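Report on the following structure.
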Amino acid sequence: KKKKKKKSRKKGSAARRTKPGSEEELKELVTALGHGCPDEHYVAVISETVTFLLQCDKLSMATLLFESYKELSEAVAQSQSARLGRDKEEKEEREKRERKEGRFNDFVEHPCEKDINAIICKPLQGCVQSTFSFLL
C-alpha cells in the first residue's frame with residue numbers, strides 16, 4: 001500500500017499571514033512606513049558620521065551622505081504633500097457629490113491617518129546643515 005503524504009503546513013511568517021485589508025495589515029503598513037524614515041538616534045548618527053568624514057578630509061563621502069539624506073527627506077516631504085493634496089481633493093469631491101444627492105455625512109478620519117501624516121525625515125544637526133550651506 002502507498003502511504004498518503006501529509007500536507008505540509010506553512011510555518012513561520014507564511015502561517016501568520018495577515019488578512020488583506022484588515023486592521024492588522026494597516027497597522028503593519030503604517031509601522032513599515034514609519035520605519036522608512038530615520039528616527040532621532042539615526043539622524044544623530046548620520047550627522048556625526050558626516051562630521052567625522054569632514055574632519056578626516058573625506059569631503060566627497062560626506063557630501064554624498066549629506067546629499068543622499070537630503071534627497072530622502074525631500075522625497076518623503078513631496079510624497080506627503082502629494083498624498084495630502086489628493087486626499088483633500090477626494091474629500092471635497094465626495095462632499096460635493098453627497099450634497100447634490102441630498103445627504104451629507106461628516107468625514108471620519110481613521111486614527112492611523114495622524115500617524116501617517118506625522119511621518120517626516122527629521123533634519124540633520126544644525127552644524128552639519130550650516131557647514132554644507134557654506135560648502136555647497
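Residue numbering restarts at 1 for every chain of the C-alpha cells, chains are lettered A, B, ... in their displayed order, and ligands are numbered from 1 as they appear.
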Practice prompt. With a distance cut-off of 12 Å and only C-alpha atoms, select the neighbouring residues of stretch 45-55 of chain A, excluding the residue or stretch itself and same-chain residues fewer than 2 positions from it, and output the selection as number ranges by chain.
Written response: A: 38-43, 57-70, 122-132, 135
Worksheet item: Hey, what does DSSP flag as alpha helix (DSSP H) within stretch 41-109 of chain A? Can you give it to me as a ChimeraX atom specification?
Response: /A:41-55,59-100
